[in-house]
Amino acid sequence: MERERIVIFDTTLRDGEQSPGCSMNLEEKLLLARQLDSLGVDIIEAGFPISSQGDFAGVQKVAAEVRRPVIAALARAKKEDIECAWDAVKVASKPRIHLFLASSDIHLQHKLKISREQALQQTKEAVAFARSLCPDIEFSPEDATRTDPQFLCAMVETAVAAGATTVNIPDTVGYTMPEEFARIIKTLLRDVKGADKITLSVHCHNDLGMAVANSLAAVKAGARQVETCMNGIGERAGNCAMEEVIMAMRVRPDIYPYETAVVSEQIYPTSQLLSKVIGATPQPNKAIVGNNAFAHEAGIHQHGMLKNPLCYEIMTPQSVGAPGSRMVLGKHSGRHALASRYAELGYKLSEEDLELCYQQFIALADRKKNVYEQDLISFLPAPQRPISAQAAEVAQT
Ligand code: KIV
Ligand code: ZN
């Protein structure tokens with residue numbers, strides 16, 4: 001079946017960098033941008049140039065050095081921001097300016113203190129000005145999901161008429177739900193004049209843990225660009241996790257018949273590099289990239305895994321570049337996993353010896369969290385030697 005292409009816009013270096021404690025210097029941005037290039041993302045949002053001189057320099061460096069993907073720079077819908085973003089990104093082989101202006105009444109009244117009419121006028125002028133500088137313009141009505149739908153359509157239509165080539169619908173505060181978000185996307189595609197001439201994008205935050213589900217619902221409803229961050233980092237509870245949205249489409253093409261240019265084997269190396277750069281690893285049970293994502297402790301699961309990994313793994317660790325499945329020996333483990341670990345260590349045990357070791361192992365596992373190889377060896381009835389040693393003896397006789 002022909003699969004539709006979904007564009008992946010990675011904002012790890014911009015929205016991801018906005019997570020507390022995750023700021024990156026120029027060298028770190030460049031290192032990660034190179035890895036995001038190997039990962040195969042279509043667009044790298046490299047930063048928000050007006051925010052600091054360091055960020056300006058970081059965006060400029062990435063734009064100059066990373067030539068395959070589109071490089072985007074963020075700007076508020078203001079002349080000085082747009083000029084600054086353009087100055088930073090214009091050296092890119094494919095530059096994009098991404099500008100945003102709030103659309104919800106709560107933001108317009110309390111943050112910006114402007115009317116809806118003024119917001120429409122500002123959108124028109126800012127997009128037209130940005131378009132006079134750069135052929136690739138993305139516009140985001142900030143807090144779109146808490147915006148009156150009719151006004152949202154008016155704002156998107158204004159941006160399209162003024163020259164936006166991509167319109168991104170942000171769920172800025174992670175408020176929407178999949179069915180509702182799908183309805184918003186369908187409404188925009190149906191009611192906005194010119195919507196068929198642009199790429200509709202989505203940018204979901206994870207305040208209610210819905211960022212990936214909302215992004216996927218939006219894709220089903222017709223969005224064709226998804227904005228993501230590696231390891232799901234980003235403002236507050238983070239952004240749509242790139243690894244999850246990609247692997248959901250890979251593992252369930254029956255439900256999501258779409259393709260991306262992402263090289264899934266580069267997911268884990270990218271996640272590791274990001275963790276190193278920001279000094280924070282994902283939680284152990286984090287889908288796809290967490291330390292326990294391919295670890296099995298329960299005896300029934302370990303038995304199933306040893307018979308056929310498909311029993312308990314819906315994707316291989318290799319498919320995301322992770323080191324491999326792990327059988328964790330703990331108090332829930334069974335004899336099969338224990339025998340297999342002894343075999344890995346070079347010991348082939350008789351049933352009787354295995355039982356002896358198993359009883360000691362369970363008793364110890366009940367008392368402490370980790371059972372180490374030294375513990376396993378200490379359980380062995382003497383004399384027990386590695387198979388390799390026994391094989392050497394046989395070869396000598
Ligand atoms: O969450 C948000 O609304 C944003 C915009 C700048 C796209 O990050
Ligand atoms: Zn955001």
# chains A, B, ... in the order shown; residues from 1 in each chain; ligands from 1

$ residues_near_ligand --ligand "ligand 2" --cutoff "10 Å" --atoms "only C-alpha atoms and all ligand atoms" --output "number ranges by chain"
A: 11, 14-16, 18, 140, 142-143, 170-174, 203-206, 227-229, 234-236, 238-240

$ closest_residue --among "A:Ala46, A:Val70, A:Leu273, A:Ala159" --to "A:Phe100" --atoms "only C-alpha atoms"
A:Ala159

$ closest_residue --among "A:Pro317, A:Pro257, A:Gly334, A:Pro141" --to "ligand 1" --atoms "only C-alpha atoms and all ligand atoms"
A:Pro141

$ select_by_dssp --residues "stretch 139-341 of chain A" --states "strand (DSSP E or B)" --output "number ranges by chain"
A: 139-142, 166-171, 199-205, 225-229, 239, 241, 258-259, 295-296, 326-327

$ closest_residue --among "A:Lys124, A:Arg34, A:Lys61, A:Arg146" --to "ligand 1" --atoms "only C-alpha atoms and all ligand atoms"
A:Arg146

$ residues_around --residues "A:Ala241" --least-positions-apart "4" --cutoff "7 Å" --atoms "only C-alpha atoms" --output "MDAnalysis selection string"
chainID A and resid 212 228:232 245

$ write_last_selection --atoms "N, CA, C and O atoms" --output "PDB file, in the first residue's frame"
ATOM      1  N   VAL A 212       1.843  12.464  22.324  1.00  0.00           N
ATOM      2  CA  VAL A 212       2.018  11.535  21.198  1.00  0.00           C
ATOM      3  C   VAL A 212       0.648  11.141  20.639  1.00  0.00           C
ATOM      4  O   VAL A 212       0.427  11.152  19.424  1.00  0.00           O
ATOM      5  N   THR A 228       8.526  17.421  17.082  1.00  0.00           N
ATOM      6  CA  THR A 228       8.902  16.462  18.118  1.00  0.00           C
ATOM      7  C   THR A 228      10.184  16.900  18.832  1.00  0.00           C
ATOM      8  O   THR A 228      10.931  17.729  18.324  1.00  0.00           O
ATOM      9  N   CYS A 229      10.407  16.282  19.986  1.00  0.00           N
ATOM     10  CA  CYS A 229      11.704  16.417  20.664  1.00  0.00           C
ATOM     11  C   CYS A 229      12.189  15.028  21.040  1.00  0.00           C
ATOM     12  O   CYS A 229      11.392  14.174  21.454  1.00  0.00           O
ATOM     13  N   MET A 230      13.477  14.829  20.911  1.00  0.00           N
ATOM     14  CA  MET A 230      14.072  13.559  21.345  1.00  0.00           C
ATOM     15  C   MET A 230      13.858  13.396  22.851  1.00  0.00           C
ATOM     16  O   MET A 230      13.927  14.385  23.596  1.00  0.00           O
ATOM     17  N   ASN A 231      13.595  12.209  23.275  1.00  0.00           N
ATOM     18  CA  ASN A 231      13.349  11.866  24.689  1.00  0.00           C
ATOM     19  C   ASN A 231      12.140  12.613  25.253  1.00  0.00           C
ATOM     20  O   ASN A 231      11.929  12.614  26.468  1.00  0.00           O
ATOM     21  N   GLY A 232      11.388  13.290  24.389  1.00  0.00           N
ATOM     22  CA  GLY A 232      10.188  14.014  24.848  1.00  0.00           C
ATOM     23  C   GLY A 232      10.490  15.221  25.713  1.00  0.00           C
ATOM     24  O   GLY A 232       9.635  15.667  26.477  1.00  0.00           O
ATOM     25  N   VAL A 245       6.494   8.628  18.542  1.00  0.00           N
ATOM     26  CA  VAL A 245       5.621   8.847  17.389  1.00  0.00           C
ATOM     27  C   VAL A 245       6.147   8.075  16.165  1.00  0.00           C
ATOM     28  O   VAL A 245       5.382   7.477  15.399  1.00  0.00           O
TER      29      VAL A 245
END

$ atom_distance --atom1 "atom CA of A:Ser319" --atom2 "atom CA of A:Ile288"
10.1 Å

$ residues_around --residues "stretch 80-94 of chain A" --least-positions-apart "4" --cutoff "6 Å" --atoms "only C-alpha atoms" --output "mmCIF file with C-alpha atoms, in the first residue's frame"
data_model
loop_
_atom_site.group_PDB
_atom_site.id
_atom_site.type_symbol
_atom_site.label_atom_id
_atom_site.label_comp_id
_atom_site.auth_asym_id
_atom_site.auth_seq_id
_atom_site.Cartn_x
_atom_site.Cartn_y
_atom_site.Cartn_z
ATOM 1 C CA PRO A 49 17.997 33.797 17.759
ATOM 2 C CA ILE A 50 16.603 36.968 19.388
ATOM 3 C CA PHE A 56 21.971 33.458 17.579
ATOM 4 C CA VAL A 59 21.572 28.791 15.035
ATOM 5 C CA GLN A 60 24.022 30.405 12.619
ATOM 6 C CA ALA A 63 22.736 26.641 9.544
ATOM 7 C CA ALA A 64 26.251 26.915 8.104
ATOM 8 C CA ARG A 67 23.376 21.164 4.969
ATOM 9 C CA VAL A 70 15.848 22.517 6.498
ATOM 10 C CA ALA A 73 14.804 29.732 13.442
ATOM 11 C CA ALA A 75 10.759 34.477 15.917
ATOM 12 C CA ARG A 76 7.870 36.324 17.529
#

$ residues_around --residues "A:Lys193" --least-positions-apart "4" --cutoff "12 Å" --atoms "only C-alpha atoms" --output "PyMOL selection string"
chain A and resi 153-161+187-189+197-198

$ write_last_selection --atoms "N, CA, C and O atoms" --output "mmCIF file, in the first residue's frame"
data_model
loop_
_atom_site.group_PDB
_atom_site.id
_atom_site.type_symbol
_atom_site.label_atom_id
_atom_site.label_comp_id
_atom_site.auth_asym_id
_atom_site.auth_seq_id
_atom_site.Cartn_x
_atom_site.Cartn_y
_atom_site.Cartn_z
ATOM 1 N N CYS A 153 -9.577 29.719 12.604
ATOM 2 C CA CYS A 153 -9.649 29.607 11.135
ATOM 3 C C CYS A 153 -9.283 30.953 10.497
ATOM 4 O O CYS A 153 -8.524 30.999 9.516
ATOM 5 N N ALA A 154 -9.782 32.039 11.081
ATOM 6 C CA ALA A 154 -9.505 33.368 10.503
ATOM 7 C C ALA A 154 -8.005 33.673 10.566
ATOM 8 O O ALA A 154 -7.420 34.186 9.605
ATOM 9 N N MET A 155 -7.386 33.302 11.685
ATOM 10 C CA MET A 155 -5.959 33.613 11.831
ATOM 11 C C MET A 155 -5.116 32.767 10.862
ATOM 12 O O MET A 155 -4.175 33.265 10.233
ATOM 13 N N VAL A 156 -5.469 31.492 10.756
ATOM 14 C CA VAL A 156 -4.721 30.612 9.840
ATOM 15 C C VAL A 156 -4.904 31.097 8.398
ATOM 16 O O VAL A 156 -3.941 31.175 7.620
ATOM 17 N N GLU A 157 -6.137 31.478 8.068
ATOM 18 C CA GLU A 157 -6.399 31.956 6.693
ATOM 19 C C GLU A 157 -5.592 33.221 6.394
ATOM 20 O O GLU A 157 -5.043 33.390 5.297
ATOM 21 N N THR A 158 -5.482 34.094 7.404
ATOM 22 C CA THR A 158 -4.711 35.328 7.231
ATOM 23 C C THR A 158 -3.235 34.988 6.973
ATOM 24 O O THR A 158 -2.589 35.567 6.090
ATOM 25 N N ALA A 159 -2.712 34.039 7.744
ATOM 26 C CA ALA A 159 -1.303 33.657 7.588
ATOM 27 C C ALA A 159 -1.060 33.031 6.212
ATOM 28 O O ALA A 159 -0.054 33.330 5.553
ATOM 29 N N VAL A 160 -1.996 32.198 5.771
ATOM 30 C CA VAL A 160 -1.833 31.548 4.461
ATOM 31 C C VAL A 160 -1.873 32.605 3.348
ATOM 32 O O VAL A 160 -1.014 32.625 2.459
ATOM 33 N N ALA A 161 -2.838 33.513 3.460
ATOM 34 C CA ALA A 161 -2.969 34.556 2.423
ATOM 35 C C ALA A 161 -1.725 35.450 2.382
ATOM 36 O O ALA A 161 -1.330 35.943 1.323
ATOM 37 N N THR A 187 -11.450 20.655 10.850
ATOM 38 C CA THR A 187 -12.143 21.937 10.625
ATOM 39 C C THR A 187 -11.245 22.886 9.838
ATOM 40 O O THR A 187 -11.682 23.529 8.871
ATOM 41 N N LEU A 188 -9.987 22.959 10.225
ATOM 42 C CA LEU A 188 -9.061 23.865 9.530
ATOM 43 C C LEU A 188 -8.922 23.455 8.064
ATOM 44 O O LEU A 188 -8.959 24.300 7.155
ATOM 45 N N LEU A 189 -8.745 22.155 7.842
ATOM 46 C CA LEU A 189 -8.554 21.694 6.467
ATOM 47 C C LEU A 189 -9.807 21.930 5.621
ATOM 48 O O LEU A 189 -9.719 22.206 4.428
ATOM 49 N N LYS A 197 -3.050 24.248 0.034
ATOM 50 C CA LYS A 197 -1.794 24.684 -0.620
ATOM 51 C C LYS A 197 -0.619 24.692 0.355
ATOM 52 O O LYS A 197 0.508 24.986 -0.036
ATOM 53 N N ILE A 198 -0.905 24.469 1.634
ATOM 54 C CA ILE A 198 0.165 24.543 2.637
ATOM 55 C C ILE A 198 0.301 23.196 3.351
ATOM 56 O O ILE A 198 -0.520 22.307 3.161
#

$ closest_residue --among "A:Pro69, A:Gly346, A:Pro253, A:Gly279" --to "A:Glu28" --atoms "only C-alpha atoms"
A:Gly279

$ closest_residue --among "A:Arg335, A:Arg326, A:His303, A:Arg96" --to "A:Asp353" --atoms "only C-alpha atoms"
A:Arg335

$ residues_around --residues "A:Cys357" --least-positions-apart "6" --cutoff "12 Å" --atoms "only C-alpha atoms" --output "list in words"
Gly334, Arg335, Leu338, Ala339, Arg341, Tyr342, Tyr347, Leu349, Ser350, Glu351, Ala363, Leu364, Ala365, Asp375, Leu376, Ile377, Ser378, Phe379, Leu380, Pro381, Ala382 and Gln384 of chain A

$ write_last_selection --atoms "N, CA, C and O atoms" --output "PDB file, in the first residue's frame"
ATOM      1  N   GLY A 334      12.703 -16.751  36.851  1.00  0.00           N
ATOM      2  CA  GLY A 334      12.499 -18.194  36.983  1.00  0.00           C
ATOM      3  C   GLY A 334      13.755 -18.989  36.644  1.00  0.00           C
ATOM      4  O   GLY A 334      14.818 -18.413  36.356  1.00  0.00           O
ATOM      5  N   ARG A 335      13.593 -20.315  36.640  1.00  0.00           N
ATOM      6  CA  ARG A 335      14.736 -21.213  36.418  1.00  0.00           C
ATOM      7  C   ARG A 335      15.287 -21.092  34.992  1.00  0.00           C
ATOM      8  O   ARG A 335      16.482 -21.227  34.775  1.00  0.00           O
ATOM      9  N   LEU A 338      17.555 -18.183  34.785  1.00  0.00           N
ATOM     10  CA  LEU A 338      18.767 -18.423  35.575  1.00  0.00           C
ATOM     11  C   LEU A 338      19.706 -19.364  34.822  1.00  0.00           C
ATOM     12  O   LEU A 338      20.916 -19.107  34.710  1.00  0.00           O
ATOM     13  N   ALA A 339      19.141 -20.442  34.273  1.00  0.00           N
ATOM     14  CA  ALA A 339      19.971 -21.399  33.523  1.00  0.00           C
ATOM     15  C   ALA A 339      20.628 -20.702  32.338  1.00  0.00           C
ATOM     16  O   ALA A 339      21.808 -20.921  32.039  1.00  0.00           O
ATOM     17  N   ARG A 341      21.383 -17.518  32.105  1.00  0.00           N
ATOM     18  CA  ARG A 341      22.446 -16.621  32.545  1.00  0.00           C
ATOM     19  C   ARG A 341      23.696 -17.423  32.903  1.00  0.00           C
ATOM     20  O   ARG A 341      24.819 -17.041  32.580  1.00  0.00           O
ATOM     21  N   TYR A 342      23.490 -18.592  33.543  1.00  0.00           N
ATOM     22  CA  TYR A 342      24.659 -19.432  33.848  1.00  0.00           C
ATOM     23  C   TYR A 342      25.345 -19.877  32.545  1.00  0.00           C
ATOM     24  O   TYR A 342      26.573 -19.881  32.454  1.00  0.00           O
ATOM     25  N   TYR A 347      28.632 -21.771  32.326  1.00  0.00           N
ATOM     26  CA  TYR A 347      28.326 -22.925  33.189  1.00  0.00           C
ATOM     27  C   TYR A 347      27.092 -23.645  32.687  1.00  0.00           C
ATOM     28  O   TYR A 347      26.025 -23.054  32.545  1.00  0.00           O
ATOM     29  N   LEU A 349      24.590 -26.312  33.879  1.00  0.00           N
ATOM     30  CA  LEU A 349      24.270 -26.963  35.156  1.00  0.00           C
ATOM     31  C   LEU A 349      23.348 -28.152  34.958  1.00  0.00           C
ATOM     32  O   LEU A 349      22.455 -28.133  34.100  1.00  0.00           O
ATOM     33  N   SER A 350      23.552 -29.193  35.795  1.00  0.00           N
ATOM     34  CA  SER A 350      22.605 -30.302  35.820  1.00  0.00           C
ATOM     35  C   SER A 350      21.324 -29.775  36.461  1.00  0.00           C
ATOM     36  O   SER A 350      21.334 -28.724  37.120  1.00  0.00           O
ATOM     37  N   GLU A 351      20.227 -30.508  36.299  1.00  0.00           N
ATOM     38  CA  GLU A 351      18.954 -30.067  36.896  1.00  0.00           C
ATOM     39  C   GLU A 351      19.080 -29.887  38.395  1.00  0.00           C
ATOM     40  O   GLU A 351      18.559 -28.934  38.978  1.00  0.00           O
ATOM     41  N   ALA A 363      16.351 -16.722  47.474  1.00  0.00           N
ATOM     42  CA  ALA A 363      16.475 -16.244  48.857  1.00  0.00           C
ATOM     43  C   ALA A 363      17.217 -14.902  48.877  1.00  0.00           C
ATOM     44  O   ALA A 363      16.819 -13.967  49.575  1.00  0.00           O
ATOM     45  N   LEU A 364      18.279 -14.788  48.051  1.00  0.00           N
ATOM     46  CA  LEU A 364      19.052 -13.547  48.025  1.00  0.00           C
ATOM     47  C   LEU A 364      18.248 -12.417  47.346  1.00  0.00           C
ATOM     48  O   LEU A 364      18.224 -11.281  47.829  1.00  0.00           O
ATOM     49  N   ALA A 365      17.575 -12.780  46.250  1.00  0.00           N
ATOM     50  CA  ALA A 365      16.815 -11.771  45.492  1.00  0.00           C
ATOM     51  C   ALA A 365      15.689 -11.189  46.333  1.00  0.00           C
ATOM     52  O   ALA A 365      15.270 -10.047  46.123  1.00  0.00           O
ATOM     53  N   ASP A 375      27.491 -13.129  42.716  1.00  0.00           N
ATOM     54  CA  ASP A 375      26.552 -13.865  43.572  1.00  0.00           C
ATOM     55  C   ASP A 375      26.231 -15.219  42.931  1.00  0.00           C
ATOM     56  O   ASP A 375      26.252 -16.257  43.587  1.00  0.00           O
ATOM     57  N   LEU A 376      25.953 -15.200  41.632  1.00  0.00           N
ATOM     58  CA  LEU A 376      25.587 -16.445  40.941  1.00  0.00           C
ATOM     59  C   LEU A 376      26.724 -17.461  41.047  1.00  0.00           C
ATOM     60  O   LEU A 376      26.501 -18.644  41.303  1.00  0.00           O
ATOM     61  N   ILE A 377      27.935 -16.974  40.856  1.00  0.00           N
ATOM     62  CA  ILE A 377      29.089 -17.884  40.908  1.00  0.00           C
ATOM     63  C   ILE A 377      29.240 -18.450  42.319  1.00  0.00           C
ATOM     64  O   ILE A 377      29.532 -19.644  42.498  1.00  0.00           O
ATOM     65  N   SER A 378      28.944 -17.607  43.320  1.00  0.00           N
ATOM     66  CA  SER A 378      29.098 -18.097  44.707  1.00  0.00           C
ATOM     67  C   SER A 378      28.079 -19.185  45.052  1.00  0.00           C
ATOM     68  O   SER A 378      28.275 -19.952  45.973  1.00  0.00           O
ATOM     69  N   PHE A 379      26.972 -19.243  44.297  1.00  0.00           N
ATOM     70  CA  PHE A 379      25.967 -20.293  44.570  1.00  0.00           C
ATOM     71  C   PHE A 379      26.394 -21.651  44.021  1.00  0.00           C
ATOM     72  O   PHE A 379      25.835 -22.688  44.382  1.00  0.00           O
ATOM     73  N   LEU A 380      27.345 -21.677  43.099  1.00  0.00           N
ATOM     74  CA  LEU A 380      27.678 -22.927  42.391  1.00  0.00           C
ATOM     75  C   LEU A 380      28.272 -23.959  43.344  1.00  0.00           C
ATOM     76  O   LEU A 380      29.166 -23.632  44.135  1.00  0.00           O
ATOM     77  N   PRO A 381      27.767 -25.203  43.267  1.00  0.00           N
ATOM     78  CA  PRO A 381      28.386 -26.239  44.096  1.00  0.00           C
ATOM     79  C   PRO A 381      29.775 -26.543  43.547  1.00  0.00           C
ATOM     80  O   PRO A 381      29.948 -26.661  42.336  1.00  0.00           O
ATOM     81  N   ALA A 382      30.775 -26.640  44.416  1.00  0.00           N
ATOM     82  CA  ALA A 382      32.151 -26.916  43.953  1.00  0.00           C
ATOM     83  C   ALA A 382      32.240 -28.398  43.581  1.00  0.00           C
ATOM     84  O   ALA A 382      31.577 -29.215  44.214  1.00  0.00           O
ATOM     85  N   GLN A 384      32.683 -26.532  40.151  1.00  0.00           N
ATOM     86  CA  GLN A 384      31.994 -26.193  38.896  1.00  0.00           C
ATOM     87  C   GLN A 384      32.926 -25.311  38.096  1.00  0.00           C
ATOM     88  O   GLN A 384      33.470 -24.340  38.626  1.00  0.00           O
TER      89      GLN A 384
END

$ closest_residue --among "A:Leu39, A:Ala182, A:Ala119, A:His107" --to "A:Lys78" --atoms "only C-alpha atoms"
A:Ala119

$ residues_around --residues "A:Glu180" --least-positions-apart "6" --cutoff "12 Å" --atoms "only C-alpha atoms" --output "ChimeraX atom specification"
/A:145-146,149,171,186-187,210,213-215,217-218,221
